[in-house]
>>> print(open('coords.csv').read())   # CSV, C-alpha atoms
chain,number,residue,atom,x,y,z
A,200,MET,CA,63.3,-38.3,61.0
A,201,SER,CA,61.3,-37.4,57.9
A,202,THR,CA,58.6,-34.8,57.6
A,203,VAL,CA,55.4,-35.5,56.0
A,204,THR,CA,53.8,-32.6,54.2
A,205,VAL,CA,50.1,-32.7,53.9
A,206,THR,CA,48.6,-30.7,51.1
A,207,ASP,CA,44.9,-29.8,51.0
A,208,SER,CA,43.2,-31.5,48.1
A,209,PRO,CA,41.4,-29.0,45.8
A,210,ALA,CA,37.8,-28.6,46.5
A,211,PRO,CA,35.5,-30.2,43.9
A,212,ALA,CA,34.3,-27.7,41.4
A,213,PRO,CA,30.7,-26.8,41.9
A,214,VAL,CA,28.3,-28.7,39.7
A,215,ARG,CA,26.3,-26.3,37.6
A,216,ALA,CA,22.8,-27.1,37.0
A,217,ALA,CA,22.1,-28.0,33.4
A,218,ARG,CA,20.4,-25.3,31.5
A,219,PRO,CA,17.0,-26.2,30.5
A,220,GLU,CA,16.5,-26.8,26.8
A,221,TYR,CA,14.0,-24.5,25.2
A,222,LYS,CA,12.1,-26.0,22.3
A,223,VAL,CA,11.2,-23.6,19.5
A,224,THR,CA,7.5,-23.7,19.1
A,225,GLY,CA,5.1,-21.6,17.0
A,226,ARG,CA,3.6,-20.0,20.1
A,227,ARG,CA,7.0,-18.9,21.4
A,228,VAL,CA,8.0,-17.4,18.0
A,229,LEU,CA,4.7,-15.5,18.0
A,230,ARG,CA,5.3,-14.2,21.5
A,231,SER,CA,8.8,-13.2,20.5
A,232,GLU,CA,7.6,-11.2,17.5
A,233,TRP,CA,4.8,-9.7,19.5
A,234,ALA,CA,7.4,-8.4,22.1
A,235,LYS,CA,9.7,-7.1,19.4
A,236,LEU,CA,6.8,-5.3,17.6
A,237,TRP,CA,5.7,-3.3,20.7
A,238,SER,CA,9.3,-2.6,21.8
A,239,LEU,CA,9.8,-0.3,18.8
A,240,ARG,CA,8.9,3.3,19.2
A,241,SER,CA,8.0,3.5,15.5
A,242,THR,CA,5.2,1.0,16.1
A,243,TRP,CA,3.3,3.3,18.4
A,244,ILE,CA,4.0,6.4,16.3
A,245,THR,CA,3.0,4.8,13.0
A,246,LEU,CA,-0.1,3.0,14.2
A,247,GLY,CA,-1.2,6.2,15.8
A,248,LEU,CA,-0.7,8.0,12.6
A,249,GLY,CA,-2.7,5.4,10.7
A,250,LEU,CA,-5.6,5.8,13.2
A,251,VAL,CA,-5.4,9.6,13.0
A,252,PHE,CA,-5.4,9.5,9.2
A,253,LEU,CA,-8.5,7.3,9.1
A,254,VAL,CA,-10.5,9.4,11.6
A,255,ALA,CA,-9.2,12.9,10.8
A,256,PHE,CA,-9.5,12.7,7.0
A,257,GLY,CA,-12.9,11.0,7.2
A,258,VAL,CA,-14.1,13.8,9.4
A,259,ILE,CA,-12.6,16.5,7.2
A,260,ALA,CA,-14.2,14.9,4.1
A,261,ALA,CA,-17.6,14.9,5.8
A,262,ALA,CA,-17.2,18.5,7.0
A,263,HIS,CA,-16.3,19.6,3.4
A,264,TYR,CA,-19.3,17.8,2.0
A,265,LYS,CA,-21.6,19.5,4.5
A,266,SER,CA,-20.2,23.0,3.8
A,267,GLU,CA,-20.5,22.4,0.0
A,268,LEU,CA,-24.1,21.3,0.4
A,269,ASN,CA,-25.0,24.4,2.4
A,270,SER,CA,-23.1,26.8,0.2
A,271,GLY,CA,-25.8,26.9,-2.5
A,272,ARG,CA,-23.2,26.4,-5.2
A,273,PRO,CA,-23.3,23.5,-7.7
A,274,MET,CA,-21.6,20.5,-6.1
A,275,HIS,CA,-18.8,18.6,-7.7
A,276,ARG,CA,-19.9,15.3,-9.3
A,277,ASP,CA,-17.9,13.3,-6.8
A,278,ASP,CA,-19.5,15.2,-3.9
A,279,VAL,CA,-23.0,14.6,-5.3
A,280,ALA,CA,-22.5,10.8,-5.2
A,281,ALA,CA,-20.8,10.8,-1.8
A,282,THR,CA,-22.2,8.9,1.1
A,283,ALA,CA,-21.4,8.7,4.8
A,284,LEU,CA,-19.5,5.4,4.0
A,285,SER,CA,-17.4,6.8,1.2
A,286,LEU,CA,-16.6,9.9,3.3
A,287,SER,CA,-15.6,7.8,6.3
A,288,VAL,CA,-13.2,5.6,4.3
A,289,PHE,CA,-11.6,8.6,2.6
A,290,GLY,CA,-8.5,8.3,4.8
A,291,THR,CA,-7.7,4.7,3.7
A,292,ASN,CA,-5.4,6.1,1.0
A,293,PHE,CA,-3.3,7.7,3.6
A,294,ALA,CA,-3.6,5.0,6.3
A,295,GLN,CA,-2.4,2.4,3.9
A,296,LEU,CA,0.9,4.2,3.5
A,297,ALA,CA,1.4,4.3,7.3
A,298,LEU,CA,0.5,0.7,7.9
A,299,GLY,CA,2.4,-0.6,4.8
A,300,VAL,CA,5.5,1.4,5.7
A,301,LEU,CA,5.5,0.0,9.2
A,302,GLY,CA,5.2,-3.5,7.8
A,303,VAL,CA,8.3,-2.9,5.8
A,304,LEU,CA,10.2,-1.5,8.8
A,305,ILE,CA,9.3,-4.6,10.9
A,306,THR,CA,11.2,-7.0,8.6
A,307,ALA,CA,13.7,-4.8,6.6
A,308,GLY,CA,14.6,-3.0,9.8
A,309,GLU,CA,16.0,-6.2,11.3
A,310,TYR,CA,18.2,-6.6,8.2
A,311,SER,CA,19.5,-3.1,8.4
A,312,THR,CA,20.5,-3.4,12.1
A,313,GLY,CA,21.8,-7.0,11.8
A,314,MET,CA,19.3,-8.3,14.4
A,315,ILE,CA,18.0,-10.8,11.8
A,316,ARG,CA,21.0,-13.0,12.5
A,317,SER,CA,20.1,-13.4,16.1
A,318,THR,CA,16.5,-14.0,15.2
A,319,LEU,CA,17.4,-16.8,12.7
A,320,ALA,CA,19.9,-18.3,15.0
A,321,ALA,CA,17.1,-18.7,17.6
A,322,VAL,CA,14.7,-20.0,14.9
A,323,PRO,CA,16.8,-22.0,12.4
A,324,ARG,CA,13.9,-23.1,10.3
A,325,ARG,CA,13.4,-19.4,9.3
A,326,LEU,CA,9.9,-19.6,7.8
A,327,PRO,CA,8.1,-19.5,11.2
A,328,VAL,CA,9.8,-16.1,11.6
A,329,LEU,CA,8.2,-14.7,8.5
A,330,TRP,CA,4.8,-16.3,9.2
A,331,SER,CA,4.8,-14.9,12.8
A,332,LYS,CA,5.8,-11.4,11.7
A,333,ALA,CA,3.1,-11.3,9.0
A,334,LEU,CA,0.4,-12.8,11.3
A,335,VAL,CA,1.2,-10.6,14.3
A,336,PHE,CA,1.4,-7.3,12.4
A,337,GLY,CA,-1.5,-8.2,10.1
A,338,LEU,CA,-3.8,-8.7,13.1
A,339,VAL,CA,-2.6,-5.5,14.8
A,340,ALA,CA,-3.2,-3.5,11.6
A,341,LEU,CA,-6.6,-5.2,11.1
A,342,VAL,CA,-7.7,-4.2,14.6
A,343,VAL,CA,-6.4,-0.6,14.3
A,344,ALA,CA,-7.9,-0.1,10.9
A,345,THR,CA,-11.3,-1.6,11.8
A,346,VAL,CA,-11.6,0.6,14.9
A,347,GLY,CA,-10.5,3.7,12.8
A,348,VAL,CA,-13.1,3.2,10.1
A,349,PHE,CA,-16.0,2.5,12.5
A,350,VAL,CA,-15.1,5.6,14.6
A,351,ALA,CA,-14.9,7.7,11.4
A,352,PHE,CA,-18.2,6.4,10.2
A,353,THR,CA,-19.9,7.1,13.5
A,354,ILE,CA,-18.7,10.7,13.5
A,355,ASP,CA,-19.4,11.2,9.8
A,356,SER,CA,-22.9,9.9,10.2
A,357,GLY,CA,-23.6,12.6,12.7
A,358,ILE,CA,-22.1,15.3,10.5
A,359,VAL,CA,-24.1,14.4,7.4
A,360,SER,CA,-27.3,13.4,9.2
A,361,GLY,CA,-30.3,14.8,7.3
A,362,THR,CA,-28.4,15.1,4.0
A,363,PRO,CA,-28.6,12.9,0.9
A,364,ALA,CA,-25.3,11.2,2.1
A,365,ALA,CA,-26.8,10.0,5.4
A,366,LEU,CA,-26.4,6.3,6.2
A,367,THR,CA,-26.5,4.2,9.3
A,368,LEU,CA,-25.0,0.9,10.2
A,369,SER,CA,-28.4,-0.8,9.5
A,370,HIS,CA,-28.2,0.1,5.8
A,371,SER,CA,-27.5,-2.8,3.6
A,372,GLY,CA,-23.8,-3.3,2.9
A,373,VAL,CA,-22.4,-0.7,5.3
A,374,VAL,CA,-21.0,-3.1,8.0
A,375,ARG,CA,-19.6,-5.3,5.2
A,376,SER,CA,-17.9,-2.4,3.6
A,377,LEU,CA,-16.4,-1.1,6.9
A,378,LEU,CA,-15.1,-4.6,7.7
A,379,GLY,CA,-13.7,-4.8,4.2
A,380,ALA,CA,-11.8,-1.6,4.7
A,381,GLY,CA,-10.3,-2.9,7.9
A,382,LEU,CA,-9.4,-6.2,6.2
A,383,TYR,CA,-7.8,-4.4,3.2
A,384,LEU,CA,-5.6,-2.3,5.4
A,385,GLY,CA,-4.6,-5.3,7.5
A,386,LEU,CA,-3.5,-7.1,4.3
A,387,VAL,CA,-1.6,-4.0,3.2
A,388,GLY,CA,0.4,-4.4,6.4
A,389,VAL,CA,1.1,-8.0,5.6
A,390,ILE,CA,2.2,-7.1,2.1
A,391,GLY,CA,4.6,-4.5,3.6
A,392,THR,CA,6.0,-7.1,5.9
A,393,ALA,CA,6.6,-9.4,2.9
A,394,LEU,CA,8.2,-6.7,0.8
A,395,GLY,CA,10.6,-5.9,3.6
A,396,ALA,CA,11.7,-9.5,3.9
A,397,LEU,CA,11.9,-9.9,0.1
A,398,LEU,CA,13.9,-6.8,-0.7
A,399,ARG,CA,15.7,-6.6,2.7
A,400,SER,CA,15.9,-2.8,2.3
A,401,VAL,CA,13.7,-0.2,4.0
A,402,ALA,CA,14.0,2.2,1.1
A,403,GLY,CA,13.4,-0.5,-1.5
A,404,GLY,CA,10.4,-2.0,0.2
A,405,ILE,CA,8.7,1.4,0.7
A,406,SER,CA,9.4,2.3,-2.9
A,407,VAL,CA,7.8,-0.8,-4.3
A,408,LEU,CA,4.9,-0.5,-1.9
A,409,VAL,CA,4.1,3.1,-2.9
A,410,ALA,CA,4.6,2.3,-6.6
A,411,SER,CA,2.2,-0.7,-6.5
A,412,LEU,CA,-0.5,1.0,-4.5
A,413,MET,CA,-0.3,4.6,-6.0
A,414,LEU,CA,1.9,5.0,-9.0
A,415,VAL,CA,1.0,2.0,-11.1
A,416,PRO,CA,-2.8,2.8,-11.2
A,417,GLY,CA,-1.9,6.3,-12.5
A,418,LEU,CA,0.3,4.8,-15.2
A,419,ILE,CA,-2.4,2.3,-16.3
A,420,SER,CA,-4.8,5.3,-16.8
A,421,LEU,CA,-2.5,6.4,-19.7
A,422,LEU,CA,-3.2,3.2,-21.6
A,423,PRO,CA,-6.1,2.8,-24.1
A,424,SER,CA,-9.5,2.4,-22.6
A,425,SER,CA,-9.9,-1.2,-23.7
A,426,TRP,CA,-6.6,-2.1,-21.9
A,427,GLN,CA,-7.6,-0.2,-18.8
A,428,ASP,CA,-10.9,-2.1,-18.5
A,429,ASN,CA,-9.0,-5.4,-18.6
A,430,ILE,CA,-6.1,-4.5,-16.3
A,431,SER,CA,-7.2,-1.8,-13.9
A,432,PRO,CA,-9.7,-3.9,-11.8
A,433,TYR,CA,-7.0,-6.4,-10.9
A,434,LEU,CA,-4.4,-4.0,-9.6
A,435,PRO,CA,-3.8,-4.3,-5.9
A,436,SER,CA,-5.3,-0.9,-4.9
A,437,ASN,CA,-8.3,-1.2,-7.2
A,438,ALA,CA,-9.1,-4.8,-6.1
A,439,GLY,CA,-8.7,-3.6,-2.5
A,440,GLU,CA,-11.1,-0.7,-3.0
A,441,SER,CA,-13.7,-3.0,-4.4
A,442,MET,CA,-13.6,-4.8,-1.1
A,443,PHE,CA,-15.2,-1.9,0.7
A,444,ALA,CA,-17.1,-0.1,-2.0
A,445,LEU,CA,-20.8,0.1,-1.4
A,446,THR,CA,-21.8,0.0,-5.0
A,447,HIS,CA,-20.1,-1.5,-8.1
A,448,ASP,CA,-20.3,-1.1,-11.8
A,449,SER,CA,-19.0,-3.0,-14.9
A,450,THR,CA,-15.5,-1.6,-14.5
A,451,SER,CA,-15.0,-2.9,-10.9
A,452,LEU,CA,-14.9,-6.2,-9.2
A,453,SER,CA,-17.4,-7.5,-6.7
A,454,PRO,CA,-16.4,-7.5,-3.1
A,455,THR,CA,-15.7,-11.2,-3.1
A,456,ALA,CA,-13.8,-11.1,-6.3
A,457,GLY,CA,-11.8,-8.1,-5.1
A,458,LEU,CA,-11.0,-10.0,-1.9
A,459,VAL,CA,-9.8,-13.0,-3.8
A,460,VAL,CA,-7.6,-10.9,-6.1
A,461,PHE,CA,-6.1,-8.9,-3.2
A,462,VAL,CA,-5.4,-12.0,-1.2
A,463,GLY,CA,-3.7,-13.4,-4.3
A,464,TRP,CA,-1.4,-10.4,-4.4
A,465,THR,CA,-0.7,-10.9,-0.7
A,466,VAL,CA,0.1,-14.6,-1.1
A,467,LEU,CA,2.4,-13.8,-4.0
A,468,ALA,CA,4.4,-11.3,-1.9
A,469,LEU,CA,4.7,-13.7,0.9
A,470,ALA,CA,5.8,-16.5,-1.4
A,471,GLY,CA,8.6,-14.3,-2.8
A,472,ALA,CA,9.7,-13.4,0.7
A,473,ALA,CA,9.6,-17.0,1.8
A,474,TYR,CA,11.7,-18.2,-1.2
A,475,ARG,CA,14.4,-15.6,-0.6
A,476,LEU,CA,14.5,-16.2,3.1
A,477,VAL,CA,15.1,-19.9,2.6
A,478,ARG,CA,17.4,-19.7,-0.4
A,479,THR,CA,19.7,-16.9,0.6
A,480,ASP,CA,21.8,-16.1,3.7
A,481,ALA,CA,20.9,-13.3,6.1
>>> encode(input="coords.csv", output="C-alpha cells")
Amino acid sequence: MSTVTVTDSPAPAPVRAARPEYKVTGRRVLRSEWAKLWSLRSTWITLGLGLVFLVAFGVIAAAHYKSELNSGRPMHRDDVAATALSLSVFGTNFAQLALGVLGVLITAGEYSTGMIRSTLAAVPRRLPVLWSKALVFGLVALVVATVGVFVAFTIDSGIVSGTPAALTLSHSGVVRSLLGAGLYLGLVGVIGTALGALLRSVAGGISVLVASLMLVPGLISLLPSSWQDNISPYLPSNAGESMFALTHDSTSLSPTAGLVVFVGWTVLALAGAAYRLVRTDA
C-alpha cells in the first residue's frame, strides 16, 4: 500500500501594479525648482535681507538728506541733486549683493552637496533645469525688489515732502525708474544663478559676481578719461543703473540702451552656464 504525499502548491506571487510613468515636462521642472527654492532656509533669510536693505537704506538716505537740509550747513553736491527717487533706490547697491549671492547658492549649492546628480538624473536633458532655476528665482527676485523700491519710495516721499527733493508717482519717469530698479535686481539674481552653474563653486560665483558689479567699475575709473567714457557705460552695474536713473547725460546710456546692454550680459552668463552644463559631467 503506497502513501501519496500531497504538497501545497505555492501561492501565486501578488501582482504589483505597474508604476505610472511620469513624463518630464517644463511645468513639472518649474514646480520642482519652486519647491526646492522655498525649502531652503537661506532663501527666506536672504530675500528678507534684500528687502530690508532696499527699504532701510532708502529711509536712512532720506532721513540724512532731511537732516542736512535743516542743519543750515552747505550741503554736499550729491545731496543737492538728490531726489526722492534717487534716495529710495540707494539700497540697490546692497540688495544686489543679497539677491545675486542667493542666485549663486541656488545652483552652486547643489553642486557642493551633490544633489545636482539627482536633479539631472530626473531631468536628463539638463538645460530645462537651468532655465527653470533662472526663471523661478528671477521672478521671485523681481517681485521682492519691486515691492521693496515702491515701499521705500512711498516712505521717502513722505520724509522729503516739501523739500527740493520731493517727488510723487505722478511725476514723469518715476514709475518707469522704480520698475527699472526692480527689473535690474531681478536680472542680477538671474546672473547669480548662471554664475553658480558656470563655475560650480559658491565662493567662485560670489567672487565673480562682486568683482563684476563692484570692483571692475572702480578699476575702470583708473583708466584715462577717454577710455572711461567708452567703456564705463557698458559695464554691467553702470548699464543697470541707467535703467532706473531719472535723468541721463552724455556719459550714461538711455534706459532702453541700458536695458539692452544688461540683458546682453545676462544672456552671456546664461549661455556660458548652458554650455558647461551640456558639455561637462556633474
>>> residues_around(input="coords.csv", residues="Leu368 in chain A", least_positions_apart="3", cutoff="12 Å", atoms="all atoms listed in the file", output="JSON, numbers by chain")
{"A": [283, 284, 349, 350, 352, 353, 355, 356, 365, 371, 372, 373, 374, 375, 376, 377, 378]}
>>> write_last_selection(input="coords.csv", atoms="C-alpha atoms", output="CSV table (one decimal), in the frame of the given file")
chain,number,residue,atom,x,y,z
A,283,ALA,CA,-21.4,8.7,4.8
A,284,LEU,CA,-19.5,5.4,4.0
A,349,PHE,CA,-16.0,2.5,12.5
A,350,VAL,CA,-15.1,5.6,14.6
A,352,PHE,CA,-18.2,6.4,10.2
A,353,THR,CA,-19.9,7.1,13.5
A,355,ASP,CA,-19.4,11.2,9.8
A,356,SER,CA,-22.9,9.9,10.2
A,365,ALA,CA,-26.8,10.0,5.4
A,371,SER,CA,-27.5,-2.8,3.6
A,372,GLY,CA,-23.8,-3.3,2.9
A,373,VAL,CA,-22.4,-0.7,5.3
A,374,VAL,CA,-21.0,-3.1,8.0
A,375,ARG,CA,-19.6,-5.3,5.2
A,376,SER,CA,-17.9,-2.4,3.6
A,377,LEU,CA,-16.4,-1.1,6.9
A,378,LEU,CA,-15.1,-4.6,7.7
>>> residues_around(input="coords.csv", residues="Glu232 in chain A", least_positions_apart="4", cutoff="7 Å", atoms="only C-alpha atoms", output="list of chain:residue names")
A:Val228, A:Leu236, A:Ser331, A:Lys332
>>> residues_near_point(input="coords.csv", point="(-4.9, 4.7, 5.4)", cutoff="12 Å", atoms="all atoms listed in the file", output="ChimeraX atom specification")
/A:245-257,287-300,340-341,343-345,347-348,380-388,412,436,440
>>> closest_residue(input="coords.csv", among="A:Trp237, A:Pro323, A:Glu267, A:Ala260", to="Lys222 in chain A", atoms="only C-alpha atoms")
A:Pro323
>>> closest_residue(input="coords.csv", among="A:Ala364, A:Ala472, A:Leu467, A:Ala402", to="Val279 in chain A", atoms="all atoms listed in the file")
A:Ala364
>>> residues_around(input="coords.csv", residues="Lys235 in chain A", least_positions_apart="5", cutoff="10 Å", atoms="all atoms listed in the file", output="PyMOL selection string")
chain A and resi 229-230+242+305+332
>>> write_last_selection(input="coords.csv", atoms="C-alpha atoms", output="PDB file, keeping the file's coordinate frame")
ATOM      1  CA  LEU A 229       4.700 -15.500  18.000  1.00  0.00           C
ATOM      2  CA  ARG A 230       5.300 -14.200  21.500  1.00  0.00           C
ATOM      3  CA  THR A 242       5.200   1.000  16.100  1.00  0.00           C
ATOM      4  CA  ILE A 305       9.300  -4.600  10.900  1.00  0.00           C
ATOM      5  CA  LYS A 332       5.800 -11.400  11.700  1.00  0.00           C
TER       6      LYS A 332
END
>>> atom_distance(input="coords.csv", atom1="CA of Leu394 in chain A", atom2="CA of Ala456 in chain A")
23.5 Å
>>> residues_near_point(input="coords.csv", point="(-28.4, 11.8, 5.4)", cutoff="12 Å", atoms="all atoms listed in the file", output="tab-separated table (two decimals) with C-alpha atoms, in the frame of the given file")
chain	number	residue	atom	x	y	z
A	261	ALA	CA	-17.60	14.90	5.80
A	264	TYR	CA	-19.30	17.80	2.00
A	265	LYS	CA	-21.60	19.50	4.50
A	268	LEU	CA	-24.10	21.30	0.40
A	281	ALA	CA	-20.80	10.80	-1.80
A	282	THR	CA	-22.20	8.90	1.10
A	283	ALA	CA	-21.40	8.70	4.80
A	284	LEU	CA	-19.50	5.40	4.00
A	355	ASP	CA	-19.40	11.20	9.80
A	356	SER	CA	-22.90	9.90	10.20
A	357	GLY	CA	-23.60	12.60	12.70
A	358	ILE	CA	-22.10	15.30	10.50
A	359	VAL	CA	-24.10	14.40	7.40
A	360	SER	CA	-27.30	13.40	9.20
A	361	GLY	CA	-30.30	14.80	7.30
A	362	THR	CA	-28.40	15.10	4.00
A	363	PRO	CA	-28.60	12.90	0.90
A	364	ALA	CA	-25.30	11.20	2.10
A	365	ALA	CA	-26.80	10.00	5.40
A	366	LEU	CA	-26.40	6.30	6.20
A	367	THR	CA	-26.50	4.20	9.30
A	370	HIS	CA	-28.20	0.10	5.80
>>> closest_residue(input="coords.csv", among="A:Thr312, A:Thr465, A:Thr318, A:Asn269", to="Ser231 in chain A", atoms="only C-alpha atoms")
A:Thr318
>>> atom_distance(input="coords.csv", atom1="CA of Val459 in chain A", atom2="CA of Ala333 in chain A")
18.3 Å
>>> atom_distance(input="coords.csv", atom1="CA of Arg227 in chain A", atom2="CA of Val462 in chain A")
26.7 Å
>>> residues_around(input="coords.csv", residues="Leu326 in chain A", least_positions_apart="6", cutoff="8 Å", atoms="all atoms listed in the file", output="PyMOL selection string")
chain A and resi 473+476-477
>>> build_atoms(input="coords.csv", residues="range 395-425 of chain A", atoms="N, CA and C atoms", output="mmCIF file, keeping the file's coordinate frame")
data_model
loop_
_atom_site.group_PDB
_atom_site.id
_atom_site.type_symbol
_atom_site.label_atom_id
_atom_site.label_comp_id
_atom_site.auth_asym_id
_atom_site.auth_seq_id
_atom_site.Cartn_x
_atom_site.Cartn_y
_atom_site.Cartn_z
ATOM 1 N N GLY A 395 9.393 -6.141 2.832
ATOM 2 C CA GLY A 395 10.600 -5.900 3.600
ATOM 3 C C GLY A 395 11.487 -7.118 3.683
ATOM 4 N N ALA A 396 10.876 -8.313 3.833
ATOM 5 C CA ALA A 396 11.700 -9.500 3.900
ATOM 6 C C ALA A 396 12.198 -9.915 2.495
ATOM 7 N N LEU A 397 11.447 -9.583 1.457
ATOM 8 C CA LEU A 397 11.900 -9.900 0.100
ATOM 9 C C LEU A 397 13.036 -9.048 -0.372
ATOM 10 N N LEU A 398 12.927 -7.741 -0.163
ATOM 11 C CA LEU A 398 13.900 -6.800 -0.700
ATOM 12 C C LEU A 398 15.040 -6.537 0.358
ATOM 13 N N ARG A 399 14.758 -6.749 1.653
ATOM 14 C CA ARG A 399 15.700 -6.600 2.700
ATOM 15 C C ARG A 399 16.297 -5.131 2.734
ATOM 16 N N SER A 400 15.493 -4.209 2.321
ATOM 17 C CA SER A 400 15.900 -2.800 2.300
ATOM 18 C C SER A 400 14.669 -1.969 2.622
ATOM 19 N N VAL A 401 14.812 -1.082 3.590
ATOM 20 C CA VAL A 401 13.700 -0.200 4.000
ATOM 21 C C VAL A 401 13.290 0.678 2.795
ATOM 22 N N ALA A 402 14.284 1.320 2.181
ATOM 23 C CA ALA A 402 14.000 2.200 1.100
ATOM 24 C C ALA A 402 13.382 1.464 -0.107
ATOM 25 N N GLY A 403 13.943 0.295 -0.423
ATOM 26 C CA GLY A 403 13.400 -0.500 -1.500
ATOM 27 C C GLY A 403 12.022 -0.988 -1.286
ATOM 28 N N GLY A 404 11.757 -1.488 -0.072
ATOM 29 C CA GLY A 404 10.400 -2.000 0.200
ATOM 30 C C GLY A 404 9.370 -0.900 0.189
ATOM 31 N N ILE A 405 9.686 0.279 0.740
ATOM 32 C CA ILE A 405 8.700 1.400 0.700
ATOM 33 C C ILE A 405 8.494 1.855 -0.713
ATOM 34 N N SER A 406 9.546 1.902 -1.524
ATOM 35 C CA SER A 406 9.400 2.300 -2.900
ATOM 36 C C SER A 406 8.479 1.422 -3.696
ATOM 37 N N VAL A 407 8.669 0.105 -3.553
ATOM 38 C CA VAL A 407 7.800 -0.800 -4.300
ATOM 39 C C VAL A 407 6.385 -0.772 -3.748
ATOM 40 N N LEU A 408 6.227 -0.599 -2.449
ATOM 41 C CA LEU A 408 4.900 -0.500 -1.900
ATOM 42 C C LEU A 408 4.136 0.704 -2.434
ATOM 43 N N VAL A 409 4.781 1.869 -2.403
ATOM 44 C CA VAL A 409 4.100 3.100 -2.900
ATOM 45 C C VAL A 409 3.853 2.972 -4.394
ATOM 46 N N ALA A 410 4.791 2.403 -5.140
ATOM 47 C CA ALA A 410 4.600 2.300 -6.600
ATOM 48 C C ALA A 410 3.422 1.367 -6.904
ATOM 49 N N SER A 411 3.316 0.236 -6.209
ATOM 50 C CA SER A 411 2.200 -0.700 -6.500
ATOM 51 C C SER A 411 0.872 -0.211 -6.110
ATOM 52 N N LEU A 412 0.803 0.565 -5.034
ATOM 53 C CA LEU A 412 -0.500 1.000 -4.500
ATOM 54 C C LEU A 412 -0.935 2.363 -5.145
ATOM 55 N N MET A 413 0.018 3.213 -5.548
ATOM 56 C CA MET A 413 -0.300 4.600 -6.000
ATOM 57 C C MET A 413 0.141 4.960 -7.345
ATOM 58 N N LEU A 414 1.337 4.546 -7.718
ATOM 59 C CA LEU A 414 1.900 5.000 -9.000
ATOM 60 C C LEU A 414 1.415 4.169 -10.180
ATOM 61 N N VAL A 415 1.394 2.854 -10.016
ATOM 62 C CA VAL A 415 1.000 2.000 -11.100
ATOM 63 C C VAL A 415 -0.426 2.275 -11.615
ATOM 64 N N PRO A 416 -1.423 2.466 -10.729
ATOM 65 C CA PRO A 416 -2.800 2.800 -11.200
ATOM 66 C C PRO A 416 -2.775 4.063 -12.072
ATOM 67 N N GLY A 417 -1.952 5.062 -11.718
ATOM 68 C CA GLY A 417 -1.900 6.300 -12.500
ATOM 69 C C GLY A 417 -1.289 6.016 -13.892
ATOM 70 N N LEU A 418 -0.291 5.151 -13.948
ATOM 71 C CA LEU A 418 0.300 4.800 -15.200
ATOM 72 C C LEU A 418 -0.648 4.022 -16.106
ATOM 73 N N ILE A 419 -1.412 3.140 -15.498
ATOM 74 C CA ILE A 419 -2.400 2.300 -16.300
ATOM 75 C C ILE A 419 -3.436 3.232 -16.895
ATOM 76 N N SER A 420 -3.745 4.363 -16.262
ATOM 77 C CA SER A 420 -4.800 5.300 -16.800
ATOM 78 C C SER A 420 -4.311 5.902 -18.116
ATOM 79 N N LEU A 421 -3.022 5.829 -18.441
ATOM 80 C CA LEU A 421 -2.500 6.400 -19.700
ATOM 81 C C LEU A 421 -2.689 5.393 -20.863
ATOM 82 N N LEU A 422 -3.048 4.156 -20.567
ATOM 83 C CA LEU A 422 -3.200 3.200 -21.600
ATOM 84 C C LEU A 422 -4.575 3.349 -22.306
ATOM 85 N N PRO A 423 -4.759 2.741 -23.465
ATOM 86 C CA PRO A 423 -6.100 2.800 -24.100
ATOM 87 C C PRO A 423 -7.180 2.265 -23.233
ATOM 88 N N SER A 424 -8.378 2.771 -23.445
ATOM 89 C CA SER A 424 -9.500 2.400 -22.600
ATOM 90 C C SER A 424 -9.757 0.920 -22.526
ATOM 91 N N SER A 425 -9.621 0.242 -23.654
ATOM 92 C CA SER A 425 -9.900 -1.200 -23.700
ATOM 93 C C SER A 425 -8.870 -1.943 -22.792
#
